[in-house]
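Structure data follow from data33.txt (compact mmCIF, C-alpha atoms):
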```
# COMPACT_ATOMS: atom_id res chain seq x y z
CA MET A 1 0.00 0.00 0.00
CA ASN A 2 1.57 3.27 -1.13
CA VAL A 3 0.46 6.62 0.19
CA VAL A 4 0.89 9.66 -2.03
CA PRO A 5 1.70 12.55 0.29
CA MET A 6 -0.81 15.35 -0.15
CA ARG A 7 -0.08 19.01 0.31
CA ARG A 8 -2.28 20.26 3.13
CA PRO A 9 -2.88 23.89 4.05
CA ILE A 10 -1.47 25.03 7.37
CA PRO A 11 -4.33 25.91 9.76
CA ASN A 12 -4.88 29.64 9.84
CA ASP A 13 -5.10 29.79 13.62
CA LEU A 14 -2.84 27.82 15.98
CA ALA A 15 -3.86 29.67 19.15
CA ALA A 16 -6.70 27.49 20.46
CA PHE A 17 -4.75 24.26 20.97
CA TRP A 18 -2.63 24.21 24.17
CA MET A 19 -0.13 21.56 23.13
CA PRO A 20 1.15 18.93 25.62
CA PHE A 21 4.84 18.69 26.56
CA THR A 22 5.60 21.35 23.94
CA ALA A 23 7.30 24.74 23.80
CA ASN A 24 4.06 26.25 22.51
CA ARG A 25 5.40 29.70 21.59
CA GLN A 26 8.36 28.29 19.69
CA PHE A 27 6.21 25.74 17.87
CA LYS A 28 3.55 28.22 16.79
CA LYS A 29 6.16 30.50 15.25
CA THR A 30 7.47 27.61 13.11
CA PRO A 31 4.96 24.74 13.22
CA ARG A 32 5.95 21.18 12.36
CA LEU A 33 2.78 19.59 11.01
CA LEU A 34 2.48 15.93 10.02
CA ALA A 35 -0.24 15.35 7.45
CA SER A 36 0.01 11.62 6.64
CA ALA A 37 2.08 8.53 7.36
CA GLN A 38 2.97 5.17 5.85
CA ASP A 39 5.34 2.41 7.02
CA MET A 40 8.55 4.13 8.23
CA HIS A 41 7.67 7.69 7.21
CA TYR A 42 5.57 10.65 8.15
CA TYR A 43 4.78 13.25 5.50
CA THR A 44 4.59 16.93 6.37
CA ASP A 45 1.83 19.26 5.26
CA ASP A 46 4.07 20.34 2.35
CA GLY A 47 4.77 16.73 1.29
CA ARG A 48 8.27 16.16 2.75
CA PRO A 49 9.00 12.59 3.94
CA ILE A 50 10.22 12.34 7.56
CA LEU A 51 11.87 9.09 8.64
CA ASP A 52 10.29 8.09 11.95
CA GLY A 53 13.10 7.41 14.41
CA THR A 54 10.84 7.33 17.46
CA ALA A 55 7.86 5.13 16.49
CA GLY A 56 5.70 8.20 16.99
CA LEU A 57 6.03 8.40 20.77
CA TRP A 58 7.45 4.91 21.40
CA CYS A 59 4.14 3.41 20.23
CA VAL A 60 3.99 2.74 16.46
CA ASN A 61 5.99 -0.48 16.72
CA ALA A 62 4.64 -2.01 13.51
CA GLY A 63 5.00 1.15 11.44
CA HIS A 64 2.32 3.39 10.03
CA GLY A 65 -0.78 2.65 8.00
CA ARG A 66 -0.61 -1.12 8.39
CA PRO A 67 -3.45 -2.71 6.40
CA LYS A 68 -4.71 -5.29 8.93
CA ILE A 69 -5.00 -2.64 11.65
CA VAL A 70 -6.64 -0.06 9.39
CA GLU A 71 -9.14 -2.56 8.01
CA ALA A 72 -9.99 -3.92 11.46
CA VAL A 73 -10.83 -0.44 12.76
CA GLN A 74 -12.84 0.41 9.64
CA ARG A 75 -14.92 -2.74 9.99
CA GLN A 76 -15.44 -2.25 13.69
CA VAL A 77 -16.67 1.33 13.57
CA ALA A 78 -19.35 0.28 11.08
CA GLU A 79 -20.36 -2.79 13.12
CA LEU A 80 -20.21 -1.59 16.73
CA ASP A 81 -18.91 1.88 17.52
CA TYR A 82 -19.26 1.77 21.31
CA ALA A 83 -20.40 -0.62 24.02
CA PRO A 84 -20.70 0.15 27.73
CA ALA A 85 -17.93 -1.30 29.85
CA PHE A 86 -19.81 -1.64 33.16
CA GLN A 87 -21.99 -4.75 33.60
CA MET A 88 -21.86 -5.13 29.80
CA SER A 89 -19.23 -5.88 27.19
CA HIS A 90 -18.70 -7.08 23.61
CA PRO A 91 -17.02 -10.15 22.07
CA LYS A 92 -13.81 -8.49 20.92
CA ALA A 93 -12.94 -7.42 24.47
CA PHE A 94 -12.71 -11.06 25.51
CA GLU A 95 -11.05 -12.14 22.28
CA PHE A 96 -8.36 -9.48 22.64
CA ALA A 97 -7.72 -10.25 26.30
CA SER A 98 -7.33 -13.94 25.47
CA ARG A 99 -4.93 -13.14 22.64
CA LEU A 100 -2.85 -10.93 24.91
CA VAL A 101 -2.40 -13.49 27.67
CA GLN A 102 -1.21 -15.98 25.05
CA ILE A 103 1.91 -13.85 24.54
CA SER A 104 2.28 -12.50 28.07
CA PRO A 105 4.95 -13.74 30.51
CA GLU A 106 4.03 -16.89 32.38
CA GLY A 107 1.47 -16.39 35.12
CA LEU A 108 0.19 -13.00 33.99
CA ASP A 109 -3.15 -14.42 32.96
CA HIS A 110 -5.67 -11.62 33.45
CA VAL A 111 -5.99 -8.22 31.76
CA PHE A 112 -7.68 -5.00 32.88
CA PHE A 113 -8.17 -2.55 30.00
CA THR A 114 -7.52 1.19 30.24
CA ASN A 115 -7.04 3.97 27.70
CA SER A 116 -3.41 5.03 28.17
CA GLY A 117 -0.18 4.36 29.97
CA SER A 118 -1.04 6.93 32.62
CA GLU A 119 -4.36 5.23 33.32
CA SER A 120 -2.64 1.85 33.36
CA VAL A 121 -0.28 3.11 36.06
CA GLU A 122 -3.15 4.41 38.19
CA THR A 123 -4.96 1.12 37.72
CA ALA A 124 -1.95 -0.95 38.72
CA LEU A 125 -1.34 1.11 41.84
CA LYS A 126 -5.00 0.79 42.88
CA ILE A 127 -4.97 -2.96 42.23
CA ALA A 128 -1.86 -3.31 44.41
CA LEU A 129 -3.37 -1.35 47.29
CA ALA A 130 -6.73 -3.10 47.06
CA TYR A 131 -5.09 -6.53 46.82
CA GLN A 132 -3.18 -6.00 50.06
CA ARG A 133 -6.41 -5.00 51.74
CA VAL A 134 -8.46 -7.97 50.51
CA LYS A 135 -5.61 -10.20 51.68
CA GLY A 136 -5.99 -8.78 55.19
CA GLN A 137 -2.86 -6.65 54.99
CA GLY A 138 -4.47 -3.23 55.11
CA SER A 139 -1.37 -1.70 56.70
CA ARG A 140 0.45 -2.09 53.37
CA THR A 141 -0.40 1.30 51.87
CA ARG A 142 3.02 2.64 50.91
CA LEU A 143 4.21 2.73 47.28
CA ILE A 144 7.87 2.76 46.27
CA GLY A 145 9.01 4.26 42.97
CA ARG A 146 12.45 5.12 41.67
CA GLU A 147 14.32 8.34 41.02
CA ARG A 148 14.16 9.39 37.34
CA GLY A 149 11.26 7.01 36.78
CA TYR A 150 8.44 8.00 34.43
CA HIS A 151 4.99 6.57 35.07
CA GLY A 152 2.70 8.89 33.18
CA VAL A 153 1.23 12.21 34.23
CA ASN A 154 -1.68 11.49 36.57
CA PHE A 155 -1.25 12.11 40.28
CA GLY A 156 -0.39 8.54 41.19
CA GLY A 157 2.08 8.29 38.32
CA ILE A 158 3.93 11.49 39.08
CA SER A 159 3.98 10.60 42.78
CA VAL A 160 5.78 7.29 42.23
CA GLY A 161 7.66 8.80 39.29
CA GLY A 162 10.94 10.58 39.80
CA ILE A 163 11.34 13.20 37.06
CA VAL A 164 11.51 16.57 38.78
CA SER A 165 9.94 18.68 36.04
CA ASN A 166 6.86 16.44 36.04
CA ARG A 167 6.39 16.86 39.81
CA LYS A 168 7.51 20.25 41.02
CA MET A 169 4.48 22.36 40.03
CA PHE A 170 1.76 20.09 41.38
CA GLY A 171 1.86 20.31 45.17
CA THR A 172 2.54 17.56 47.65
CA LEU A 173 1.19 14.70 45.49
CA LEU A 174 0.26 11.34 47.09
CA SER A 175 1.36 10.69 50.63
CA GLY A 176 3.05 7.46 51.61
CA VAL A 177 5.39 7.32 48.62
CA ASP A 178 9.16 6.90 48.66
CA HIS A 179 11.83 6.33 46.02
CA ILE A 180 14.90 4.19 45.56
CA ARG A 181 17.99 5.37 43.71
CA HIS A 182 18.17 5.39 39.93
CA THR A 183 20.74 3.22 38.15
CA HIS A 184 22.47 5.78 35.95
CA ASP A 185 26.23 5.57 36.59
CA PRO A 186 28.13 7.20 33.71
CA ALA A 187 31.40 7.17 35.64
CA ARG A 188 31.50 3.36 35.45
CA ASN A 189 29.16 2.53 32.58
CA ALA A 190 29.57 5.17 29.86
CA PHE A 191 29.37 3.80 26.29
CA THR A 192 28.21 0.38 27.48
CA LYS A 193 26.76 -1.88 24.80
CA GLY A 194 23.66 -3.49 26.25
CA GLU A 195 23.31 -4.12 29.98
CA PRO A 196 25.92 -2.34 32.14
CA GLU A 197 28.33 -4.50 34.09
CA HIS A 198 28.31 -2.26 37.16
CA GLY A 199 25.48 -1.40 39.53
CA VAL A 200 23.63 -4.52 40.64
CA GLU A 201 24.27 -3.37 44.21
CA LEU A 202 21.97 -0.40 43.60
CA ALA A 203 19.04 -2.79 44.05
CA GLU A 204 20.00 -3.01 47.72
CA ASP A 205 18.69 0.53 48.13
CA LEU A 206 15.27 -1.09 48.32
CA GLU A 207 16.36 -2.80 51.52
CA ARG A 208 17.27 0.62 52.93
CA VAL A 209 13.79 1.96 52.17
CA ILE A 210 12.17 -1.16 53.61
CA THR A 211 14.20 -0.78 56.79
CA LEU A 212 13.12 2.85 57.04
CA HIS A 213 9.38 2.19 56.64
CA ASP A 214 9.06 -1.51 57.60
CA ALA A 215 7.89 -4.05 55.06
CA SER A 216 4.47 -4.32 56.74
CA THR A 217 3.64 -0.84 55.42
CA ILE A 218 4.71 -1.33 51.78
CA ALA A 219 2.24 -2.52 49.15
CA ALA A 220 4.30 -2.41 45.96
CA VAL A 221 7.44 -1.34 44.16
CA ILE A 222 7.08 0.08 40.65
CA VAL A 223 9.92 0.40 38.13
CA GLU A 224 10.42 0.59 34.40
CA PRO A 225 12.60 -2.35 33.36
CA VAL A 226 14.34 0.14 31.06
CA ALA A 227 13.67 3.74 32.07
CA GLY A 228 12.68 5.32 28.76
CA SER A 229 11.47 8.89 28.92
CA THR A 230 14.22 9.95 31.30
CA GLY A 231 16.82 9.05 28.66
CA VAL A 232 17.02 5.26 28.20
CA LEU A 233 18.59 4.08 31.46
CA ILE A 234 19.35 0.38 31.14
CA PRO A 235 19.42 -1.76 34.28
CA PRO A 236 22.75 -3.27 35.35
CA LYS A 237 23.14 -7.02 34.97
CA GLY A 238 21.24 -8.82 37.73
CA TYR A 239 19.56 -5.67 39.05
CA LEU A 240 15.95 -6.59 38.26
CA LYS A 241 16.40 -10.14 39.54
CA ARG A 242 17.66 -8.73 42.81
CA LEU A 243 14.61 -6.43 43.08
CA ARG A 244 12.41 -9.47 42.53
CA GLU A 245 14.21 -11.38 45.31
CA ILE A 246 13.88 -8.51 47.78
CA CYS A 247 10.17 -8.07 47.02
CA ASP A 248 9.55 -11.81 47.47
CA LYS A 249 11.47 -11.79 50.74
CA HIS A 250 9.26 -9.05 52.19
CA GLY A 251 5.88 -9.89 50.62
CA ILE A 252 5.86 -6.78 48.42
CA LEU A 253 4.30 -6.72 44.96
CA LEU A 254 6.62 -5.91 42.05
CA ILE A 255 5.14 -3.84 39.23
CA PHE A 256 6.85 -3.47 35.86
CA ASP A 257 5.89 -0.43 33.82
CA GLU A 258 6.29 -1.81 30.28
CA VAL A 259 4.47 0.96 28.47
CA ILE A 260 7.64 1.51 26.41
CA THR A 261 9.39 -1.88 26.64
CA GLY A 262 6.35 -3.99 25.82
CA PHE A 263 5.51 -5.49 22.43
CA GLY A 264 8.88 -6.20 20.92
CA ARG A 265 10.93 -3.15 21.79
CA LEU A 266 13.77 -5.21 23.31
CA GLY A 267 13.57 -8.06 20.79
CA THR A 268 11.28 -10.11 23.03
CA PRO A 269 7.52 -9.72 23.55
CA PHE A 270 8.13 -7.99 26.90
CA ALA A 271 11.06 -6.86 28.99
CA ALA A 272 10.03 -9.45 31.58
CA ASP A 273 10.96 -12.06 28.95
CA TYR A 274 14.24 -10.35 28.10
CA PHE A 275 15.42 -10.11 31.70
CA ASP A 276 13.76 -13.38 32.82
CA VAL A 277 12.05 -11.61 35.71
CA ILE A 278 8.27 -11.95 36.09
CA PRO A 279 6.50 -9.12 37.93
CA ASP A 280 3.24 -9.48 39.83
CA ILE A 281 1.63 -6.72 37.77
CA MET A 282 2.68 -5.53 34.31
CA ILE A 283 1.62 -2.19 32.85
CA THR A 284 1.32 -1.75 29.07
CA ALA A 285 -0.08 0.71 26.52
CA LYS A 286 1.40 2.29 23.34
CA GLY A 287 2.34 -0.77 21.26
CA VAL A 288 -0.76 -2.68 22.40
CA THR A 289 -2.66 -1.05 19.52
CA ASN A 290 0.33 0.28 17.56
CA GLY A 291 -0.78 3.74 18.68
CA VAL A 292 -3.77 3.63 16.32
CA VAL A 293 -6.47 3.90 19.01
CA PRO A 294 -5.61 4.91 22.59
CA MET A 295 -5.53 1.90 24.91
CA GLY A 296 -3.72 0.41 27.87
CA ALA A 297 -3.69 -3.08 29.37
CA VAL A 298 -2.70 -4.07 32.91
CA PHE A 299 -1.71 -7.73 33.35
CA VAL A 300 -1.94 -9.39 36.76
CA LYS A 301 -1.05 -12.79 38.14
CA SER A 302 -3.90 -15.21 38.70
CA GLU A 303 -3.53 -15.09 42.48
CA ILE A 304 -4.17 -11.35 42.43
CA TYR A 305 -7.28 -11.68 40.28
CA GLU A 306 -8.61 -14.63 42.30
CA ALA A 307 -8.14 -12.74 45.56
CA PHE A 308 -10.89 -10.35 44.46
CA MET A 309 -13.27 -13.09 43.30
CA THR A 310 -14.87 -13.65 46.71
CA GLY A 311 -18.10 -12.72 48.46
CA PRO A 312 -21.60 -12.58 46.92
CA GLU A 313 -21.44 -13.01 43.15
CA HIS A 314 -23.79 -10.09 42.41
CA LEU A 315 -21.45 -7.55 44.02
CA ILE A 316 -18.78 -5.61 42.16
CA GLU A 317 -15.38 -6.97 43.21
CA PHE A 318 -13.19 -3.97 42.25
CA PHE A 319 -14.60 -0.45 42.13
CA HIS A 320 -12.53 0.89 39.27
CA GLY A 321 -12.80 1.32 35.52
CA TYR A 322 -13.28 3.77 32.66
CA THR A 323 -16.09 4.68 30.29
CA TYR A 324 -13.82 3.60 27.44
CA SER A 325 -12.31 0.46 28.96
CA ALA A 326 -12.08 -2.18 26.21
CA HIS A 327 -13.47 0.23 23.64
CA PRO A 328 -14.56 -1.74 20.55
CA LEU A 329 -12.34 0.24 18.17
CA ALA A 330 -9.34 -0.16 20.45
CA CYS A 331 -9.89 -3.91 20.75
CA ALA A 332 -10.21 -4.22 16.99
CA ALA A 333 -7.02 -2.21 16.51
CA GLY A 334 -5.29 -4.40 19.09
CA ILE A 335 -6.29 -7.63 17.39
CA GLY A 336 -5.11 -6.25 14.05
CA THR A 337 -1.87 -5.21 15.72
CA LEU A 338 -1.25 -8.68 17.18
CA ASP A 339 -1.94 -10.19 13.77
CA THR A 340 0.58 -7.84 12.18
CA TYR A 341 3.21 -8.58 14.84
CA ALA A 342 2.71 -12.32 14.32
CA ASP A 343 2.68 -12.24 10.52
CA GLU A 344 5.98 -10.36 10.35
CA GLY A 345 7.75 -11.69 13.44
CA LEU A 346 8.00 -8.18 14.85
CA LEU A 347 7.99 -9.14 18.54
CA THR A 348 11.43 -10.70 18.05
CA ARG A 349 12.79 -8.72 15.09
CA GLY A 350 14.60 -6.39 17.46
CA ALA A 351 16.85 -9.27 18.46
CA GLU A 352 17.83 -9.81 14.82
CA LEU A 353 18.52 -6.13 14.14
CA GLY A 354 19.97 -5.41 17.57
CA PRO A 355 23.66 -5.97 16.71
CA TYR A 356 23.46 -3.74 13.62
CA TRP A 357 21.58 -1.08 15.59
CA GLU A 358 24.18 -1.24 18.36
CA GLN A 359 27.09 -0.89 15.94
CA ALA A 360 25.47 2.05 14.16
CA LEU A 361 24.72 3.89 17.39
CA HIS A 362 28.18 3.41 18.85
CA SER A 363 29.78 4.61 15.63
CA LEU A 364 28.94 8.08 16.97
CA LYS A 365 31.36 7.66 19.87
CA GLY A 366 33.91 10.45 19.57
CA THR A 367 31.51 12.73 17.70
CA LYS A 368 31.47 16.31 18.95
CA HIS A 369 29.40 16.85 22.13
CA VAL A 370 28.63 13.10 22.66
CA ILE A 371 29.39 12.04 26.26
CA ASP A 372 27.56 8.69 26.37
CA ILE A 373 25.72 6.19 24.18
CA ARG A 374 23.35 3.50 25.47
CA ASN A 375 21.45 0.76 23.68
CA ILE A 376 19.33 -2.33 24.20
CA GLY A 377 17.06 -4.06 21.68
CA LEU A 378 15.85 -1.37 19.29
CA VAL A 379 16.20 1.45 21.80
CA GLY A 380 19.07 3.88 21.96
CA ALA A 381 20.21 7.06 23.64
CA ILE A 382 22.89 9.58 22.73
CA GLU A 383 23.71 11.84 25.64
CA LEU A 384 25.14 15.25 24.81
CA GLU A 385 27.21 17.69 26.81
CA SER A 386 24.94 20.53 27.87
CA ILE A 387 25.55 24.13 26.90
CA ALA A 388 26.66 25.97 30.04
CA GLY A 389 23.68 27.75 31.57
CA GLU A 390 21.29 26.50 28.86
CA PRO A 391 20.33 22.90 29.62
CA THR A 392 18.28 21.08 26.94
CA LYS A 393 19.09 23.68 24.26
CA ARG A 394 21.75 21.65 22.42
CA ALA A 395 19.61 18.52 22.05
CA PHE A 396 16.56 20.56 21.07
CA SER A 397 18.57 22.32 18.37
CA VAL A 398 19.66 18.91 17.04
CA PHE A 399 16.02 17.80 17.02
CA LEU A 400 15.01 20.84 14.95
CA GLU A 401 17.82 20.40 12.44
CA CYS A 402 17.19 16.65 12.06
CA PHE A 403 13.55 17.40 11.29
CA GLU A 404 14.62 19.84 8.61
CA ARG A 405 16.80 17.08 7.14
CA GLY A 406 13.93 14.58 7.08
CA VAL A 407 14.49 12.60 10.29
CA LEU A 408 12.36 12.53 13.45
CA ILE A 409 14.15 12.04 16.77
CA ARG A 410 13.07 12.68 20.36
CA THR A 411 14.93 14.56 23.05
CA THR A 412 14.66 14.52 26.81
CA GLY A 413 16.92 17.02 28.50
CA ASP A 414 20.16 16.86 26.52
CA ILE A 415 19.63 13.22 25.56
CA ILE A 416 18.55 12.04 22.12
CA ALA A 417 16.22 9.05 22.57
CA LEU A 418 15.62 6.69 19.65
CA SER A 419 13.04 3.91 19.27
CA PRO A 420 12.20 3.35 15.60
CA PRO A 421 9.37 1.14 14.36
CA LEU A 422 10.37 -2.50 14.41
CA ILE A 423 10.07 -2.65 10.61
CA ILE A 424 13.11 -0.38 10.12
CA SER A 425 15.68 -1.56 7.56
CA LYS A 426 19.45 -1.45 7.87
CA GLU A 427 19.55 1.26 5.21
CA GLN A 428 17.10 3.33 7.24
CA ILE A 429 19.19 2.80 10.38
CA ASP A 430 22.14 4.18 8.42
CA GLN A 431 20.09 7.20 7.35
CA LEU A 432 18.85 7.85 10.89
CA ILE A 433 22.23 7.59 12.59
CA GLY A 434 24.08 9.25 9.71
CA THR A 435 21.80 12.29 9.82
CA ILE A 436 22.24 12.65 13.57
CA GLY A 437 26.01 12.38 13.14
CA ASP A 438 26.06 15.05 10.43
CA VAL A 439 23.95 17.40 12.53
CA LEU A 440 26.12 16.88 15.62
CA LYS A 441 29.30 17.62 13.67
CA ALA A 442 27.83 20.96 12.62
CA ALA A 443 26.21 21.77 15.98
CA ALA A 444 27.42 24.62 18.14
```

Show me the file's structure as structure tokens.
Amino acid sequence: MNVVPMRRPIPNDLAAFWMPFTANRQFKKTPRLLASAQDMHYYTDDGRPILDGTAGLWCVNAGHGRPKIVEAVQRQVAELDYAPAFQMSHPKAFEFASRLVQISPEGLDHVFFTNSGSESVETALKIALAYQRVKGQGSRTRLIGRERGYHGVNFGGISVGGIVSNRKMFGTLLSGVDHIRHTHDPARNAFTKGEPEHGVELAEDLERVITLHDASTIAAVIVEPVAGSTGVLIPPKGYLKRLREICDKHGILLIFDEVITGFGRLGTPFAADYFDVIPDIMITAKGVTNGVVPMGAVFVKSEIYEAFMTGPEHLIEFFHGYTYSAHPLACAAGIGTLDTYADEGLLTRGAELGPYWEQALHSLKGTKHVIDIRNIGLVGAIELESIAGEPTKRAFSVFLECFERGVLIRTTGDIIALSPPLIISKEQIDQLIGTIGDVLKAAA
């Protein structure tokens, strides 16, 4: 299927839309408008192709405009546009949930549908707290996150999250939350290929927090297996297994936020598979529908689900949900997405391309301003030296220039974060990394 890029007029008024996570004034002076997309490319309103180096926002894992997903959504909107989610449902909700647990890590056999990663985080935190209570451990109300963690933008997510800019303007947030140390250690691990050798001992910081609060007060620990939005921080070898051991020792639930790492990003279906560590609760979104229709899915172990299935059968077991939980269009998009992943082997393609991706990324070592490079699966980060007194400006300038040269990257602080669709070719990897290299060589 070939898409002919169409020239689209720029809207004559950009004022009404308050854009998220955007420098609104800068954007509206020089807007970057995407008018269409197909496979590995966006097309701007004036018809320029833009190579997608970020899978949209970490979500378009199968590439753009994929026929099975498009056709599934088209059929569904004509057949059933909406069905209520409370005390009612529709067949595709159950079909999609069954399909998902077929590829999920062992034991994660039940799915609660949401509409985004942020909602998935809130759902997982509420499940963890409610589970402890139904198990007779109502004193376990504390939640432990990690410094530099990103868990969406709702109040629960920014409370357990650890990115300062996401937290500082919004008051005291949730009470009863603490954080363990992040794992970023450039002094020992700069320019590591894959998992860093140093830092497994950082998992012991959880023991410090447990000692401070007492295990009887802690419901759950939540971490991203690979911290994405903060700049692709890859866990040291053995780190996640040690977190799992400590949680088991103290009866604490372990939650993996796999909104970014899920659905093939690391070359396995989920990061839990890659690291051989199974959480009690697993949070997903983004790649669950290839970004086509907003959706999230929270996976839980059977013992968690069964703990709620008690008491009179006519009573609601868990007072939580959303108007659009298991929306018919989202379920259709999700089924089409799973079909596309399966047909093309995309959930494991990252493992095949990983070595080439790694070599290409690390070819930028020694390039002007580059102080670290990190990679795992089909994720990468290029950390830049900041301009004195102007943090984030250098990376943002690189982002703007790459866009002008037909390549889309993402920046967080002075870090370039890359996560291309899993259909990317070696030639397109060369174009992506080559363009970044050329821009860095010319950057101030």

Checklist entry - Rounded to one decimal in Å, what is the spacing between atom CA of A:Phe191 and atom CA of A:Gly380? => result 11.2 Å

Closest atom pairs, stretch 306-353 of chain A residues within 12 Å of stretch 253-270 of chain A, only C-alpha atoms, as a Markdown table:
```
| residue | atom | partner | partner_atom | distance |
| --- | --- | --- | --- | --- |
| A:Gly334 | CA | A:Phe263 | CA | 11.4 |
| A:Thr337 | CA | A:Phe263 | CA | 10.0 |
| A:Leu338 | CA | A:Phe263 | CA | 9.1 |
| A:Thr340 | CA | A:Phe263 | CA | 11.6 |
| A:Tyr341 | CA | A:Phe263 | CA | 8.5 |
| A:Ala342 | CA | A:Pro269 | CA | 10.7 |
| A:Glu344 | CA | A:Gly264 | CA | 11.7 |
| A:Gly345 | CA | A:Gly264 | CA | 9.3 |
| A:Leu346 | CA | A:Gly264 | CA | 6.4 |
| A:Leu347 | CA | A:Gly264 | CA | 3.9 |
| A:Thr348 | CA | A:Gly267 | CA | 4.4 |
| A:Arg349 | CA | A:Gly267 | CA | 5.8 |
| A:Gly350 | CA | A:Gly267 | CA | 3.9 |
| A:Ala351 | CA | A:Gly267 | CA | 4.2 |
| A:Glu352 | CA | A:Gly267 | CA | 7.5 |
| A:Leu353 | CA | A:Gly267 | CA | 8.5 |
```

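Of the listed residues A:Ala62, A:Leu440, A:Ile278, A:Leu418, the one whose atoms come nearest to A:Cys402 is A:Leu440, with distances taken using all atoms listed in the file.
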
Item to check | Shortest interatomic distance to A:Ile429 - which of A:Thr217, A:Thr22, A:Thr54, A:Thr183, counting only C-alpha atoms | outcome: A:Thr54

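Distances to A:Ile218 were evaluated for A:Gly251, A:Gly107, A:Pro84, A:Gly336 using only C-alpha atoms, and the minimum falls at A:Gly251.
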
Checklist entry - With all atoms listed in the file as the atoms that count, which of A:Ile281, A:Ala37, A:Val292, A:Val160 lies nearest to A:Glu71? => result A:Val292

Item to check | Atomic distance atom CA of A:Gly296 - atom CA of A:Asn375, expressed in Å with one decimal | outcome: 25.5 Å
